[in-house]
>>> print(open('coords-v3.cif').read())   # mmCIF, C-alpha atoms and all ligand atoms
data_model
#
loop_
_atom_site.label_atom_id
_atom_site.label_comp_id
_atom_site.auth_asym_id
_atom_site.auth_seq_id
_atom_site.Cartn_x
_atom_site.Cartn_y
_atom_site.Cartn_z
CA MET J 1 -35.09 224.47 85.32
CA ALA J 2 -38.58 222.96 84.94
CA PRO J 3 -39.43 220.25 87.47
CA VAL J 4 -38.86 216.68 86.35
CA ASN J 5 -42.02 214.58 86.13
CA VAL J 6 -41.56 211.31 87.98
CA THR J 7 -44.32 208.72 87.64
CA VAL J 8 -44.52 205.92 90.19
CA THR J 9 -46.92 203.00 89.77
CA GLY J 10 -47.98 200.90 92.74
CA ALA J 11 -47.55 204.04 94.80
CA ALA J 12 -49.61 202.75 97.73
CA GLY J 13 -47.56 199.57 98.06
CA GLN J 14 -44.67 198.79 100.36
CA ILE J 15 -41.94 199.85 97.92
CA GLY J 16 -43.91 202.95 97.02
CA TYR J 17 -43.98 204.02 100.65
CA ALA J 18 -40.22 203.55 100.98
CA LEU J 19 -39.53 205.25 97.64
CA LEU J 20 -41.62 208.39 97.40
CA PHE J 21 -40.17 210.31 100.33
CA ARG J 22 -36.65 209.77 99.07
CA ILE J 23 -37.56 210.91 95.56
CA ALA J 24 -39.15 214.04 97.03
CA SER J 25 -36.13 214.69 99.26
CA GLY J 26 -33.76 214.86 96.28
CA ALA J 27 -32.10 211.45 96.59
CA LEU J 28 -33.20 210.43 93.09
CA LEU J 29 -32.13 213.39 90.96
CA GLY J 30 -29.89 215.43 93.23
CA PRO J 31 -30.31 218.46 95.47
CA ASP J 32 -30.92 220.97 92.66
CA THR J 33 -33.73 219.26 90.76
CA LYS J 34 -37.39 219.85 91.54
CA VAL J 35 -39.81 217.00 90.96
CA ASN J 36 -43.49 216.58 90.20
CA LEU J 37 -44.76 213.23 91.43
CA ARG J 38 -47.47 211.35 89.53
CA LEU J 39 -48.78 208.43 91.53
CA LEU J 40 -50.63 205.67 89.69
CA GLU J 41 -52.70 203.12 91.57
CA ILE J 42 -55.61 200.81 90.97
CA PRO J 43 -58.97 202.37 91.97
CA GLN J 44 -59.17 200.45 95.29
CA ALA J 45 -55.79 201.82 96.39
CA VAL J 46 -56.17 205.43 95.26
CA LYS J 47 -57.33 206.51 98.73
CA ALA J 48 -54.24 204.99 100.35
CA ALA J 49 -52.02 206.71 97.77
CA GLU J 50 -53.80 209.99 98.59
CA GLY J 51 -52.89 209.40 102.22
CA THR J 52 -49.24 209.04 101.24
CA ALA J 53 -49.56 212.23 99.19
CA MET J 54 -50.86 214.02 102.32
CA GLU J 55 -47.79 212.84 104.21
CA LEU J 56 -45.54 214.01 101.40
CA ASP J 57 -47.16 217.45 101.67
CA ASP J 58 -46.56 217.37 105.41
CA CYS J 59 -42.84 216.90 104.89
CA ALA J 60 -42.65 220.32 103.17
CA PHE J 61 -39.89 219.07 100.87
CA PRO J 62 -38.45 222.13 99.09
CA LEU J 63 -37.84 220.10 95.90
CA LEU J 64 -41.38 218.74 95.62
CA SER J 65 -43.32 220.93 93.17
CA GLY J 66 -46.53 218.91 92.95
CA ILE J 67 -48.24 215.57 93.47
CA GLU J 68 -51.03 214.06 91.47
CA VAL J 69 -52.75 210.77 92.33
CA THR J 70 -54.67 208.92 89.64
CA ASP J 71 -55.91 205.54 88.49
CA ASP J 72 -55.63 206.60 84.85
CA ALA J 73 -52.39 205.45 83.21
CA LYS J 74 -52.69 208.04 80.42
CA LYS J 75 -52.76 210.87 82.96
CA ALA J 76 -50.02 209.34 85.09
CA PHE J 77 -47.53 209.01 82.23
CA ASP J 78 -48.40 212.26 80.43
CA GLY J 79 -45.12 214.17 80.19
CA ALA J 80 -43.26 211.62 82.34
CA ASN J 81 -39.49 212.05 82.29
CA VAL J 82 -38.86 209.18 84.70
CA ALA J 83 -41.24 206.23 85.07
CA LEU J 84 -40.85 203.79 87.92
CA LEU J 85 -43.05 200.78 87.25
CA VAL J 86 -43.37 199.20 90.67
CA GLY J 87 -46.97 197.94 90.80
CA ALA J 88 -47.33 194.36 89.58
CA ARG J 89 -49.46 191.33 90.15
CA PRO J 90 -47.81 189.11 92.74
CA ARG J 91 -47.93 185.35 92.40
CA THR J 92 -50.65 183.90 94.62
CA LYS J 93 -51.43 180.37 95.69
CA GLY J 94 -52.32 178.02 92.87
CA MET J 95 -51.22 180.48 90.20
CA GLU J 96 -49.26 178.97 87.32
CA ARG J 97 -46.38 180.79 85.66
CA GLY J 98 -48.47 181.45 82.56
CA ASP J 99 -51.24 182.98 84.73
CA LEU J 100 -48.68 185.26 86.36
CA LEU J 101 -47.26 186.39 83.03
CA GLU J 102 -50.75 186.94 81.66
CA ALA J 103 -51.86 188.95 84.70
CA ASN J 104 -48.78 191.14 84.39
CA GLY J 105 -49.33 191.49 80.66
CA GLY J 106 -52.66 193.07 81.62
CA ILE J 107 -50.73 195.71 83.58
CA PHE J 108 -47.60 196.34 81.52
CA LYS J 109 -49.23 196.39 78.06
CA PRO J 110 -51.52 199.36 78.82
CA GLN J 111 -48.74 201.09 80.73
CA GLY J 112 -46.40 200.70 77.75
CA GLU J 113 -49.14 202.12 75.51
CA ALA J 114 -49.66 205.06 77.86
CA ILE J 115 -45.91 205.77 77.92
CA ASN J 116 -45.90 205.61 74.14
CA ALA J 117 -48.84 208.00 73.92
CA GLY J 118 -47.76 210.69 76.29
CA ALA J 119 -44.39 210.40 78.00
CA ALA J 120 -41.73 213.06 77.47
CA SER J 121 -39.28 212.46 74.64
CA ASP J 122 -36.48 211.82 77.15
CA VAL J 123 -38.44 209.29 79.25
CA LYS J 124 -36.41 206.75 81.21
CA VAL J 125 -38.31 203.68 82.40
CA LEU J 126 -37.33 201.37 85.24
CA VAL J 127 -39.41 198.25 85.85
CA VAL J 128 -39.26 196.95 89.42
CA GLY J 129 -42.45 194.85 89.51
CA ASN J 130 -41.77 191.16 88.98
CA PRO J 131 -41.03 189.35 86.76
CA ALA J 132 -39.19 192.62 86.13
CA ASN J 133 -37.17 191.82 82.99
CA THR J 134 -40.12 190.33 81.13
CA ASN J 135 -42.56 193.00 82.34
CA ALA J 136 -40.12 195.57 80.95
CA LEU J 137 -40.10 193.72 77.63
CA ILE J 138 -43.92 193.71 77.51
CA ALA J 139 -44.12 197.47 78.21
CA GLN J 140 -41.36 198.17 75.68
CA GLN J 141 -43.08 196.18 72.95
CA HIS J 142 -46.18 198.33 73.35
CA ALA J 143 -44.24 201.57 73.10
CA PRO J 144 -42.91 201.46 69.53
CA ASP J 145 -42.27 205.22 69.36
CA VAL J 146 -40.01 205.25 72.42
CA PRO J 147 -36.39 204.17 71.84
CA ALA J 148 -36.25 200.54 72.99
CA GLY J 149 -33.26 201.16 75.22
CA ARG J 150 -35.24 203.46 77.49
CA PHE J 151 -36.92 200.39 78.99
CA THR J 152 -34.81 198.88 81.74
CA ALA J 153 -35.39 196.48 84.63
CA MET J 154 -33.92 196.44 88.10
CA THR J 155 -30.99 194.24 89.09
CA ARG J 156 -29.39 196.96 91.21
CA LEU J 157 -30.75 195.34 94.37
CA ASP J 158 -28.93 192.13 93.41
CA HIS J 159 -25.81 194.21 92.70
CA ASN J 160 -26.00 195.87 96.12
CA ARG J 161 -26.64 192.52 97.81
CA ALA J 162 -23.57 191.08 96.11
CA LEU J 163 -21.43 194.05 97.19
CA SER J 164 -22.53 193.58 100.77
CA GLN J 165 -21.88 189.80 100.82
CA LEU J 166 -18.46 190.16 99.20
CA ALA J 167 -17.44 193.00 101.52
CA ALA J 168 -18.38 190.87 104.54
CA LYS J 169 -16.38 187.91 103.23
CA LEU J 170 -13.27 190.01 102.65
CA GLY J 171 -13.65 192.20 105.73
CA VAL J 172 -13.63 195.40 103.67
CA GLY J 173 -16.11 198.23 103.18
CA VAL J 174 -18.57 198.10 100.28
CA ALA J 175 -16.96 201.26 98.89
CA ASP J 176 -13.68 199.36 98.49
CA ILE J 177 -15.29 197.08 95.87
CA LYS J 178 -15.62 198.13 92.23
CA LYS J 179 -16.69 196.53 88.96
CA LEU J 180 -18.95 193.81 90.25
CA THR J 181 -21.56 192.54 87.77
CA ILE J 182 -24.98 190.92 87.86
CA TRP J 183 -25.75 189.09 84.62
CA GLY J 184 -29.10 187.81 83.36
CA ASN J 185 -32.50 187.73 84.98
CA HIS J 186 -33.70 189.18 88.29
CA SER J 187 -34.48 185.69 89.49
CA ALA J 188 -32.73 182.81 91.21
CA THR J 189 -30.81 182.12 87.96
CA GLN J 190 -29.03 185.49 88.03
CA TYR J 191 -25.25 185.39 88.06
CA PRO J 192 -23.30 187.68 90.37
CA ASP J 193 -19.80 187.83 88.86
CA ILE J 194 -16.72 188.85 90.82
CA PHE J 195 -14.09 187.80 88.25
CA HIS J 196 -13.69 191.39 87.03
CA ALA J 197 -14.37 193.00 90.38
CA GLU J 198 -11.63 194.84 92.21
CA VAL J 199 -11.10 195.11 95.93
CA SER J 200 -8.91 198.05 96.85
CA GLY J 201 -7.40 197.74 93.36
CA LYS J 202 -6.78 193.96 93.48
CA ASN J 203 -8.78 191.30 91.64
CA ALA J 204 -11.68 190.18 93.87
CA ALA J 205 -11.76 186.53 92.72
CA GLU J 206 -8.06 186.24 93.52
CA ALA J 207 -8.60 187.91 96.88
CA VAL J 208 -11.38 185.40 97.67
CA ASN J 209 -9.41 182.49 96.20
CA ASP J 210 -12.15 180.01 97.07
CA GLU J 211 -14.23 178.72 94.16
CA ALA J 212 -16.32 176.52 96.47
CA TRP J 213 -17.39 179.59 98.47
CA LEU J 214 -18.21 181.35 95.23
CA ALA J 215 -20.29 178.49 93.82
CA ASP J 216 -21.92 177.19 97.00
CA THR J 217 -22.28 180.24 99.22
CA PHE J 218 -21.89 183.60 97.49
CA ILE J 219 -23.90 182.98 94.32
CA PRO J 220 -26.86 181.21 95.97
CA THR J 221 -26.95 183.70 98.86
CA VAL J 222 -27.23 186.64 96.47
CA ALA J 223 -29.57 184.88 94.03
CA LYS J 224 -31.93 183.65 96.75
CA ARG J 225 -31.77 186.72 98.96
CA GLY J 226 -35.21 187.90 97.85
CA ALA J 227 -36.75 184.62 99.02
CA ALA J 228 -34.78 184.77 102.29
CA ILE J 229 -36.15 188.26 102.98
CA ILE J 230 -39.70 187.08 102.29
CA GLU J 231 -39.15 184.15 104.66
CA ALA J 232 -37.79 186.41 107.41
CA ARG J 233 -40.07 189.45 107.01
CA GLY J 234 -43.21 187.78 105.78
CA ALA J 235 -43.16 190.28 102.89
CA SER J 236 -40.80 190.98 100.04
CA SER J 237 -37.97 193.46 100.34
CA ALA J 238 -39.23 197.00 100.26
CA ALA J 239 -36.80 199.61 101.61
CA SER J 240 -33.81 197.92 99.99
CA ALA J 241 -35.73 197.60 96.72
CA ALA J 242 -36.70 201.28 96.86
CA ASN J 243 -33.08 202.18 97.61
CA ALA J 244 -31.91 200.19 94.59
CA ALA J 245 -34.47 201.90 92.35
CA ILE J 246 -33.12 205.27 93.54
CA ASP J 247 -29.55 204.11 92.80
CA HIS J 248 -30.50 202.83 89.32
CA ILE J 249 -32.14 206.08 88.15
CA HIS J 250 -29.65 208.29 89.99
CA ASP J 251 -26.73 206.69 88.17
CA TRP J 252 -28.51 206.56 84.82
CA VAL J 253 -29.28 210.30 85.00
CA LEU J 254 -26.22 211.58 86.85
CA GLY J 255 -23.56 209.02 85.84
CA THR J 256 -21.56 206.19 87.37
CA PRO J 257 -18.37 207.10 89.24
CA ALA J 258 -15.08 207.00 87.30
CA GLY J 259 -13.35 203.63 87.57
CA ASP J 260 -16.52 201.72 88.41
CA TRP J 261 -19.62 200.36 86.76
CA THR J 262 -23.01 199.14 87.87
CA SER J 263 -25.56 196.50 86.83
CA MET J 264 -28.74 197.26 84.90
CA ALA J 265 -31.05 194.99 82.95
CA VAL J 266 -31.19 196.60 79.49
CA PRO J 267 -32.17 195.41 76.01
CA SER J 268 -29.29 193.35 74.68
CA ASP J 269 -27.44 194.56 71.61
CA GLY J 270 -26.00 191.07 71.23
CA SER J 271 -23.08 191.74 73.58
CA TYR J 272 -21.60 188.69 75.33
CA GLY J 273 -23.73 186.32 73.24
CA VAL J 274 -27.02 187.50 74.80
CA PRO J 275 -29.70 187.41 72.08
CA GLU J 276 -30.56 190.85 70.81
CA GLY J 277 -33.64 192.44 72.37
CA ILE J 278 -33.71 190.33 75.53
CA ILE J 279 -33.77 192.59 78.63
CA SER J 280 -30.86 191.12 80.53
CA SER J 281 -28.54 192.43 83.21
CA PHE J 282 -25.11 193.66 82.10
CA PRO J 283 -22.26 195.70 83.49
CA VAL J 284 -22.92 199.27 82.41
CA THR J 285 -21.40 202.70 82.77
CA CYS J 286 -23.56 205.80 82.59
CA ALA J 287 -22.68 209.31 81.44
CA ASN J 288 -24.74 212.25 80.12
CA GLY J 289 -28.01 210.43 80.80
CA GLU J 290 -27.06 207.39 78.68
CA TYR J 291 -25.86 203.94 79.65
CA THR J 292 -23.30 201.87 77.78
CA ILE J 293 -22.73 198.14 78.14
CA VAL J 294 -19.12 197.56 79.22
CA GLN J 295 -17.36 195.82 76.34
CA GLY J 296 -14.44 193.46 76.02
CA LEU J 297 -14.63 191.54 79.30
CA GLU J 298 -13.24 188.06 79.14
CA VAL J 299 -15.89 185.52 80.16
CA ASN J 300 -14.41 182.34 81.65
CA GLU J 301 -16.06 178.93 81.57
CA PHE J 302 -17.45 179.25 85.09
CA SER J 303 -19.18 182.50 84.17
CA ARG J 304 -20.25 181.42 80.66
CA ALA J 305 -22.35 178.50 81.91
CA ARG J 306 -24.10 180.67 84.48
CA ILE J 307 -24.77 183.60 82.14
CA ASP J 308 -26.13 181.18 79.53
CA ALA J 309 -28.48 179.53 82.04
CA SER J 310 -29.99 182.83 83.16
CA VAL J 311 -30.30 184.11 79.59
CA ALA J 312 -31.99 180.84 78.59
CA GLU J 313 -34.60 181.51 81.27
CA LEU J 314 -35.19 185.00 79.84
CA VAL J 315 -35.59 183.56 76.35
CA GLU J 316 -38.15 181.11 77.75
CA GLU J 317 -40.05 183.94 79.44
CA ARG J 318 -40.01 185.95 76.21
CA ASP J 319 -41.29 182.96 74.26
CA ALA J 320 -44.01 182.36 76.86
CA VAL J 321 -45.33 185.95 76.65
CA LYS J 322 -45.12 185.74 72.87
CA GLY J 323 -47.14 182.52 73.01
CA LEU J 324 -49.74 184.28 75.15
CA GLY J 325 -50.00 187.07 72.59
CA LEU J 326 -48.70 189.63 75.07
CA ILE J 327 -45.94 190.90 72.77
P1 LIG N 401 -47.19 195.69 97.17
O1 LIG N 401 -48.15 194.60 96.91
O2 LIG N 401 -46.97 196.21 98.55
O3 LIG N 401 -47.58 196.94 96.27
C1 LIG N 401 -47.90 196.84 94.93
C2 LIG N 401 -48.87 197.97 94.61
O4 LIG N 401 -49.08 197.96 93.21
C3 LIG N 401 -50.23 197.82 95.28
O5 LIG N 401 -50.52 199.01 96.01
C4 LIG N 401 -51.18 197.61 94.11
O6 LIG N 401 -52.46 198.19 94.33
C5 LIG N 401 -50.42 198.32 93.00
N1 LIG N 401 -50.82 197.93 91.64
C6 LIG N 401 -51.20 196.71 91.19
N2 LIG N 401 -51.55 196.79 89.90
C7 LIG N 401 -51.37 198.07 89.52
C8 LIG N 401 -51.58 198.76 88.31
N3 LIG N 401 -52.05 198.15 87.22
N4 LIG N 401 -51.30 200.08 88.27
C9 LIG N 401 -50.84 200.71 89.35
N5 LIG N 401 -50.65 200.11 90.54
C10 LIG N 401 -50.90 198.80 90.62
O7 LIG N 401 -45.83 195.22 96.52
P2 LIG N 401 -44.36 195.80 96.76
O8 LIG N 401 -43.75 195.11 97.92
O9 LIG N 401 -44.40 197.28 96.73
O10 LIG N 401 -43.62 195.21 95.47
C11 LIG N 401 -43.95 195.64 94.18
C12 LIG N 401 -43.32 194.75 93.13
O11 LIG N 401 -41.90 194.86 93.17
C13 LIG N 401 -43.60 193.26 93.29
O12 LIG N 401 -43.83 192.73 91.99
C14 LIG N 401 -42.31 192.71 93.85
O13 LIG N 401 -42.16 191.34 93.55
C15 LIG N 401 -41.32 193.55 93.11
N6 LIG N 401 -39.96 193.60 93.67
C16 LIG N 401 -38.93 193.67 92.75
C17 LIG N 401 -37.63 193.73 93.21
C18 LIG N 401 -36.48 193.82 92.23
O14 LIG N 401 -35.33 193.78 92.70
N7 LIG N 401 -36.67 193.94 90.93
C19 LIG N 401 -37.37 193.73 94.58
C20 LIG N 401 -38.44 193.70 95.47
C21 LIG N 401 -39.74 193.62 95.00
C1 LIG N 402 -36.42 190.56 95.76
O1 LIG N 402 -35.42 190.32 95.06
O2 LIG N 402 -36.33 190.91 96.96
C2 LIG N 402 -37.80 190.39 95.18
O3 LIG N 402 -37.74 190.40 93.77
C3 LIG N 402 -38.43 189.14 95.68
C4 LIG N 402 -39.86 189.00 95.24
O4 LIG N 402 -40.20 187.90 94.75
O5 LIG N 402 -40.63 189.96 95.37
#
>>> encode(input="coords-v3.cif", output="structure tokens", more="lines below")
Ligand code: NAD
Ligand code: LMR
Amino acid sequence: MAPVNVTVTGAAGQIGYALLFRIASGALLGPDTKVNLRLLEIPQAVKAAEGTAMELDDCAFPLLSGIEVTDDAKKAFDGANVALLVGARPRTKGMERGDLLEANGGIFKPQGEAINAGAASDVKVLVVGNPANTNALIAQQHAPDVPAGRFTAMTRLDHNRALSQLAAKLGVGVADIKKLTIWGNHSATQYPDIFHAEVSGKNAAEAVNDEAWLADTFIPTVAKRGAAIIEARGASSAASAANAAIDHIHDWVLGTPAGDWTSMAVPSDGSYGVPEGIISSFPVTCANGEYTIVQGLEVNEFSRARIDASVAELVEERDAVKGLGLI
């Protein structure tokens, strides 16, 4: 089988450093799939990315067929089967929301165009760089020849955080929990939903039986975990974010386990009242390299209000980038 071309942007950053070695080791696509890595960086960081490439060589990974480092998006995405869009413009002091969206538009528009121009016909795109959902929308809108659903954004880190918090509360292992869902935006408005989750086969919300804990502890802990990590580490989550990116693509390509689902931010088809086209997190199952939004879940009042609030934020972000002429 020909090696799979995996493009990683922001390769010299913190997440890049935690991500690349695991991709090359086989954690992303399994132990039988060879990979070619294409590392995209801005010119000032190409040298650092080349240093990481030297270290990748020094690992002598049997599955790593080649590495290319470039600052040219066209080259980086040429023939890409998997594209991990990690590099983004972080918010800095004094920067308004509009400035942040505009700066990211300057990154994700040309990257979307480059994906459109040269990526493989089966390309799968995961946007990690924040604001991830809206950056994914910008890239998607500039790639009209790529099926819209191939553009996804990462809420798997939120999903994993929620699993870990719920497991700790119930004194069970994370593997005992199934069917947890993150809805909405990868932001503090996201909604981690345990009403359909199962713990060792029993309903998780019933096992918790404590709505105050849910509303006042669980949801804010998960939703604000990114900020808590920044506060503690002095830098945003990196290894856990890289791990979640691996999980997201791994499951998309290789499938979700029977009897479970995961969370991915994908273009809405109108399911659960989320406006069509908005890249919002849903419960999804994956099989044969395709994801499907889980249908038919009953959404109670508690959940409805929270899903609606996060989706409203995504609609605002979409309207803001539209207003800036970015889509
Ligand atoms: P970082 O600053 O360490 O690295 C970012 C890298 O991107 C830098 O090396 C920079 O040179 C590069 N870059 C900037 N513009 C680029 C461009 N146009 N093309 C290619 N590379 C470019 O940041 P990090 O800690 O690796 O985080 C990366 C992004 O991921 C941030 O936006 C962060 O907020 C986000 N993040 C998302 C999640 C999530 O769950 N979705 C979690 C953690 C972090
Ligand atoms: C996270 O969830 O850890 C990050 O998205 C936080 C951030 O702002 O980089």
>>> residues_around(input="coords-v3.cif", residues="J:Ala83", least_positions_apart="2", cutoff="12 Å", atoms="all atoms listed in the file", output="PyMOL selection string")
chain J and resi 4-11+36-40+73+76-81+85-87+111-112+114-116+118-120+122-128+136+139+150-153+245-246+249
>>> axis_aligned_box(input="coords-v3.cif", around="ligand LIG 402 (chain N)", padding_each_side="3 Å", output="lines of an AutoDock Vina configuration file")
center_x = -38.0
center_y = 189.4
center_z = 95.4
size_x = 11.2
size_y = 9.0
size_z = 9.2
>>> closest_residue(input="coords-v3.cif", among="J:Ala117, J:Leu63, J:Leu297, J:Met154", to="ligand LIG 401 (chain N)", atoms="all atoms listed in the file")
J:Met154
>>> closest_residue(input="coords-v3.cif", among="J:Glu231, J:Glu206, J:Glu113, J:Asp216", to="ligand LIG 402 (chain N)", atoms="all atoms listed in the file")
J:Glu231
>>> residues_near_ligand(input="coords-v3.cif", ligand="ligand LIG 402 (chain N)", cutoff="6 Å", atoms="all atoms listed in the file", output="list in words")
Gly226, Ala227, Ser236 and Ser237 of chain J
>>> closest_residue(input="coords-v3.cif", among="J:Asn209, J:Gln141, J:Asn104, J:Gln190", to="ligand LIG 401 (chain N)", atoms="all atoms listed in the file")
J:Asn104
>>> atom_distance(input="coords-v3.cif", atom1="atom CA of J:Pro147", atom2="atom CA of J:Ala265")
15.4 Å
>>> residues_around(input="coords-v3.cif", residues="J:Ser25", least_positions_apart="6", cutoff="8 Å", atoms="only C-alpha atoms", output="list of chain:residue names")
J:Pro31, J:Phe61, J:Pro62, J:Leu63, J:Leu64
>>> build_atoms(input="coords-v3.cif", residues="stretch 299-320 of chain J", atoms="N, CA and C atoms", output="PDB file, in the coordinates of the input")
ATOM      1  N   VAL J 299     -14.923 186.318  79.404  1.00  0.00           N
ATOM      2  CA  VAL J 299     -15.890 185.520  80.160  1.00  0.00           C
ATOM      3  C   VAL J 299     -15.330 184.094  80.278  1.00  0.00           C
ATOM      4  N   ASN J 300     -14.997 183.685  81.489  1.00  0.00           N
ATOM      5  CA  ASN J 300     -14.410 182.340  81.650  1.00  0.00           C
ATOM      6  C   ASN J 300     -15.511 181.272  81.636  1.00  0.00           C
ATOM      7  N   GLU J 301     -15.094 180.028  81.683  1.00  0.00           N
ATOM      8  CA  GLU J 301     -16.060 178.930  81.570  1.00  0.00           C
ATOM      9  C   GLU J 301     -17.089 178.926  82.692  1.00  0.00           C
ATOM     10  N   PHE J 302     -16.589 179.202  83.904  1.00  0.00           N
ATOM     11  CA  PHE J 302     -17.450 179.250  85.090  1.00  0.00           C
ATOM     12  C   PHE J 302     -18.575 180.267  84.874  1.00  0.00           C
ATOM     13  N   SER J 303     -18.190 181.430  84.377  1.00  0.00           N
ATOM     14  CA  SER J 303     -19.180 182.500  84.170  1.00  0.00           C
ATOM     15  C   SER J 303     -20.086 182.191  82.984  1.00  0.00           C
ATOM     16  N   ARG J 304     -19.488 181.665  81.889  1.00  0.00           N
ATOM     17  CA  ARG J 304     -20.250 181.420  80.660  1.00  0.00           C
ATOM     18  C   ARG J 304     -21.474 180.551  80.934  1.00  0.00           C
ATOM     19  N   ALA J 305     -21.257 179.447  81.664  1.00  0.00           N
ATOM     20  CA  ALA J 305     -22.350 178.500  81.910  1.00  0.00           C
ATOM     21  C   ALA J 305     -23.473 179.187  82.686  1.00  0.00           C
ATOM     22  N   ARG J 306     -23.082 180.027  83.636  1.00  0.00           N
ATOM     23  CA  ARG J 306     -24.100 180.670  84.480  1.00  0.00           C
ATOM     24  C   ARG J 306     -24.831 181.790  83.733  1.00  0.00           C
ATOM     25  N   ILE J 307     -24.106 182.557  82.944  1.00  0.00           N
ATOM     26  CA  ILE J 307     -24.770 183.600  82.140  1.00  0.00           C
ATOM     27  C   ILE J 307     -25.750 182.930  81.172  1.00  0.00           C
ATOM     28  N   ASP J 308     -25.279 181.865  80.520  1.00  0.00           N
ATOM     29  CA  ASP J 308     -26.130 181.180  79.530  1.00  0.00           C
ATOM     30  C   ASP J 308     -27.411 180.647  80.166  1.00  0.00           C
ATOM     31  N   ALA J 309     -27.299 180.109  81.389  1.00  0.00           N
ATOM     32  CA  ALA J 309     -28.480 179.530  82.040  1.00  0.00           C
ATOM     33  C   ALA J 309     -29.509 180.618  82.347  1.00  0.00           C
ATOM     34  N   SER J 310     -29.043 181.762  82.818  1.00  0.00           N
ATOM     35  CA  SER J 310     -29.990 182.830  83.160  1.00  0.00           C
ATOM     36  C   SER J 310     -30.611 183.427  81.888  1.00  0.00           C
ATOM     37  N   VAL J 311     -29.784 183.566  80.856  1.00  0.00           N
ATOM     38  CA  VAL J 311     -30.300 184.110  79.590  1.00  0.00           C
ATOM     39  C   VAL J 311     -31.306 183.125  78.973  1.00  0.00           C
ATOM     40  N   ALA J 312     -31.038 181.833  79.123  1.00  0.00           N
ATOM     41  CA  ALA J 312     -31.990 180.840  78.590  1.00  0.00           C
ATOM     42  C   ALA J 312     -33.352 180.995  79.272  1.00  0.00           C
ATOM     43  N   GLU J 313     -33.336 181.301  80.560  1.00  0.00           N
ATOM     44  CA  GLU J 313     -34.600 181.510  81.270  1.00  0.00           C
ATOM     45  C   GLU J 313     -35.333 182.748  80.712  1.00  0.00           C
ATOM     46  N   LEU J 314     -34.565 183.796  80.410  1.00  0.00           N
ATOM     47  CA  LEU J 314     -35.190 185.000  79.840  1.00  0.00           C
ATOM     48  C   LEU J 314     -35.774 184.729  78.463  1.00  0.00           C
ATOM     49  N   VAL J 315     -35.082 183.916  77.687  1.00  0.00           N
ATOM     50  CA  VAL J 315     -35.590 183.560  76.350  1.00  0.00           C
ATOM     51  C   VAL J 315     -36.902 182.783  76.506  1.00  0.00           C
ATOM     52  N   GLU J 316     -36.921 181.874  77.472  1.00  0.00           N
ATOM     53  CA  GLU J 316     -38.150 181.110  77.750  1.00  0.00           C
ATOM     54  C   GLU J 316     -39.303 182.029  78.132  1.00  0.00           C
ATOM     55  N   GLU J 317     -39.002 182.993  79.018  1.00  0.00           N
ATOM     56  CA  GLU J 317     -40.050 183.940  79.440  1.00  0.00           C
ATOM     57  C   GLU J 317     -40.545 184.753  78.251  1.00  0.00           C
ATOM     58  N   ARG J 318     -39.602 185.186  77.402  1.00  0.00           N
ATOM     59  CA  ARG J 318     -40.010 185.950  76.210  1.00  0.00           C
ATOM     60  C   ARG J 318     -40.908 185.095  75.323  1.00  0.00           C
ATOM     61  N   ASP J 319     -40.495 183.833  75.121  1.00  0.00           N
ATOM     62  CA  ASP J 319     -41.290 182.960  74.260  1.00  0.00           C
ATOM     63  C   ASP J 319     -42.669 182.703  74.866  1.00  0.00           C
ATOM     64  N   ALA J 320     -42.722 182.602  76.196  1.00  0.00           N
ATOM     65  CA  ALA J 320     -44.010 182.360  76.860  1.00  0.00           C
ATOM     66  C   ALA J 320     -44.941 183.563  76.661  1.00  0.00           C
TER      67      ALA J 320
END
